[in-house]
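Notes follow the structure.
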Amino acid sequence: MQKVILMVVAVVLMFSGGTVGVLKWMQLGPFAPPPSDEATETKPKPRSGGVARFVDIEPLNIAIIENNRPRAVLQISAKLEVGSEKEAAMVSRNMIRFTDAALRDLYDFLPRLLREADRLEISLLKDRLQLIADRIYGKGVVRQVLIQSVHDTSGKS
């Protein structure tokens with residue numbers, strides 16, 4: 001009688017262990033991942049101010065001089081993202097100040113950066129232009145700088 005009870009308990013434990021294993025493997029029941037709304041994860045959350053506006057920057061042409069010789073000429077195309085039409089108008093009115101500050105800063109910054117690395121990191125350039133925009137327009141006016149393209153127009157391949 002004791003052997004039969006022991007066998008029944010062993011079979012029940014095996015079935016329950018197998019059931020738990022299958023539920024965990026198939027991610028069902030208590031092992032299911034928490035429900036998430038994928039639509040909100042993939043869409044960027046709207047910031048205050050509604051729909052974003054973009055202000056074009058004239059292409060910035062920067063000559064990289066090294067050892068008294070031109071190493072490269074970079075052409076940078078970018079846009080500034082702002083939150084409202086009012087901010088877009090203000091940014092457009094003061095674009096000459098931004099362009100001047102960006103050219104002055106990048107003429108000094110890019111040769112130092114390219115001396116240490118062979119390639120220009122777009123994230124560093126984006127952060128640098130964001131820093132300049134915050135200095136010119138005030139923090140928070142320009143949400144982000146969108147780098148569209150960076151071309152080496154020096155003629156070298």
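Here's how to read the names in the structure tokens: chain A, B, ... by the order shown, residue numbers from 1 in each chain, ligand numbers from 1 in the order shown.
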>> For the alpha helix (DSSP H) assignment from backbone DSSP, which residues of chain A qualify? Please present them as an NGL selection string.
In response: :A and (2-26 or 38-42 or 85-93 or 95-116 or 122-137)
Only C-alpha atoms, please: the residues just picked out, written as a JSON list (two decimals), in the first residue's frame.
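Just written: selection_11.json:
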[["chain", "number", "residue", "atom", "x", "y", "z"],
["A", 2, "GLN", "CA", 2.82, 2.41, 0.84],
["A", 3, "LYS", "CA", 4.49, 1.69, -2.49],
["A", 4, "VAL", "CA", 1.30, 2.55, -4.40],
["A", 5, "ILE", "CA", 0.89, 5.88, -2.54],
["A", 6, "LEU", "CA", 4.55, 6.70, -3.15],
["A", 7, "MET", "CA", 4.14, 5.98, -6.88],
["A", 8, "VAL", "CA", 1.01, 8.13, -7.13],
["A", 9, "VAL", "CA", 2.77, 11.05, -5.41],
["A", 10, "ALA", "CA", 5.77, 10.64, -7.74],
["A", 11, "VAL", "CA", 3.53, 10.61, -10.86],
["A", 12, "VAL", "CA", 1.60, 13.70, -9.66],
["A", 13, "LEU", "CA", 4.90, 15.53, -9.04],
["A", 14, "MET", "CA", 6.20, 14.58, -12.50],
["A", 15, "PHE", "CA", 3.03, 15.80, -14.22],
["A", 16, "SER", "CA", 3.01, 19.07, -12.29],
["A", 17, "GLY", "CA", 6.71, 19.63, -13.02],
["A", 18, "GLY", "CA", 6.12, 18.92, -16.70],
["A", 19, "THR", "CA", 3.14, 21.28, -16.77],
["A", 20, "VAL", "CA", 5.14, 24.08, -15.16],
["A", 21, "GLY", "CA", 7.97, 23.48, -17.62],
["A", 22, "VAL", "CA", 5.65, 23.64, -20.65],
["A", 23, "LEU", "CA", 3.92, 26.79, -19.33],
["A", 24, "LYS", "CA", 7.26, 28.49, -18.80],
["A", 25, "TRP", "CA", 8.63, 27.40, -22.18],
["A", 26, "MET", "CA", 5.49, 28.61, -24.02],
["A", 38, "GLU", "CA", 3.59, 48.20, -28.65],
["A", 39, "ALA", "CA", 2.10, 51.22, -30.40],
["A", 40, "THR", "CA", 3.16, 53.53, -27.60],
["A", 41, "GLU", "CA", 6.63, 51.98, -27.42],
["A", 42, "THR", "CA", 7.43, 52.47, -31.11],
["A", 85, "GLU", "CA", 5.45, 78.08, -35.03],
["A", 86, "LYS", "CA", 6.47, 80.96, -32.77],
["A", 87, "GLU", "CA", 9.77, 79.24, -31.89],
["A", 88, "ALA", "CA", 10.33, 78.39, -35.57],
["A", 89, "ALA", "CA", 9.96, 82.07, -36.51],
["A", 90, "MET", "CA", 12.36, 83.12, -33.76],
["A", 91, "VAL", "CA", 14.92, 80.51, -34.81],
["A", 92, "SER", "CA", 14.64, 81.58, -38.47],
["A", 93, "ARG", "CA", 15.11, 85.26, -37.56],
["A", 95, "MET", "CA", 19.65, 81.81, -38.03],
["A", 96, "ILE", "CA", 22.60, 84.01, -39.06],
["A", 97, "ARG", "CA", 23.77, 84.11, -35.43],
["A", 98, "PHE", "CA", 23.49, 80.31, -35.18],
["A", 99, "THR", "CA", 25.32, 79.76, -38.47],
["A", 100, "ASP", "CA", 28.11, 82.13, -37.45],
["A", 101, "ALA", "CA", 28.52, 80.49, -34.04],
["A", 102, "ALA", "CA", 28.43, 76.99, -35.57],
["A", 103, "LEU", "CA", 31.06, 77.82, -38.18],
["A", 104, "ARG", "CA", 33.36, 79.44, -35.63],
["A", 105, "ASP", "CA", 33.02, 76.53, -33.23],
["A", 106, "LEU", "CA", 33.31, 73.76, -35.83],
["A", 107, "TYR", "CA", 36.40, 75.30, -37.49],
["A", 108, "ASP", "CA", 38.12, 74.84, -34.14],
["A", 109, "PHE", "CA", 36.41, 71.62, -32.98],
["A", 110, "LEU", "CA", 36.52, 69.39, -36.07],
["A", 111, "PRO", "CA", 40.31, 69.46, -36.71],
["A", 112, "ARG", "CA", 40.95, 68.53, -33.07],
["A", 113, "LEU", "CA", 38.39, 65.74, -33.29],
["A", 114, "LEU", "CA", 39.71, 64.36, -36.57],
["A", 115, "ARG", "CA", 43.30, 64.45, -35.31],
["A", 116, "GLU", "CA", 42.36, 61.82, -32.72],
["A", 122, "ILE", "CA", 27.77, 62.02, -36.13],
["A", 123, "SER", "CA", 26.57, 61.82, -32.52],
["A", 124, "LEU", "CA", 29.42, 64.10, -31.39],
["A", 125, "LEU", "CA", 28.64, 66.56, -34.17],
["A", 126, "LYS", "CA", 24.95, 66.50, -33.26],
["A", 127, "ASP", "CA", 25.73, 67.11, -29.58],
["A", 128, "ARG", "CA", 28.06, 69.98, -30.48],
["A", 129, "LEU", "CA", 25.45, 71.67, -32.68],
["A", 130, "GLN", "CA", 22.84, 71.19, -29.93],
["A", 131, "LEU", "CA", 25.19, 72.89, -27.47],
["A", 132, "ILE", "CA", 25.58, 75.84, -29.86],
["A", 133, "ALA", "CA", 21.80, 76.05, -30.39],
["A", 134, "ASP", "CA", 21.20, 76.08, -26.63],
["A", 135, "ARG", "CA", 23.75, 78.86, -26.26],
["A", 136, "ILE", "CA", 22.22, 81.00, -29.04],
["A", 137, "TYR", "CA", 18.48, 80.40, -28.56]]
>> Residues near Ser77 of chain A, anyone? I mean within 8 Å using only C-alpha atoms, not counting same-chain ones fewer than 5 positions away, as a PyMOL selection string.
In response: chain A and resi 57-60+147-150
Just to be explicit: take each residue in the selection above, keep N, CA and C atoms, and write the result as a compact mmCIF listing (two decimals), in the first residue's frame.
# COMPACT_ATOMS: atom_id res chain seq x y z
N ILE A 57 18.87 74.53 -41.88
CA ILE A 57 20.12 75.28 -41.74
C ILE A 57 20.77 75.26 -43.12
N GLU A 58 21.29 76.39 -43.55
CA GLU A 58 22.05 76.37 -44.80
C GLU A 58 23.24 75.42 -44.61
N PRO A 59 23.63 74.72 -45.67
CA PRO A 59 24.76 73.79 -45.53
C PRO A 59 26.01 74.50 -45.01
N LEU A 60 26.63 73.87 -44.03
CA LEU A 60 27.85 74.42 -43.43
C LEU A 60 29.05 73.79 -44.13
N ILE A 147 20.90 65.77 -38.11
CA ILE A 147 21.94 65.79 -39.13
C ILE A 147 21.41 65.01 -40.33
N GLN A 148 21.29 65.68 -41.46
CA GLN A 148 20.80 65.00 -42.66
C GLN A 148 21.92 64.32 -43.42
N SER A 149 23.04 65.04 -43.59
CA SER A 149 24.16 64.42 -44.30
C SER A 149 25.45 65.16 -43.96
N VAL A 150 26.54 64.42 -44.09
CA VAL A 150 27.88 64.98 -43.97
C VAL A 150 28.67 64.45 -45.16
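Going from atom CA of Ala52 of chain A over to atom CA of Val82 of chain A, you cover 5.8 Å.
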> Mind checking DSSP for segment 1-154 of chain A and telling me the strand (DSSP E or B) residues as an MDAnalysis selection string?
Replying inline: chainID A and resid 53:66 69:82 142:152
> Could you pull the residues within 7 Å of Phe54 of chain A, counting only C-alpha atoms, minus those fewer than 3 positions along the same chain, as a PyMOL selection string?
Replying inline: chain A and resi 79-82
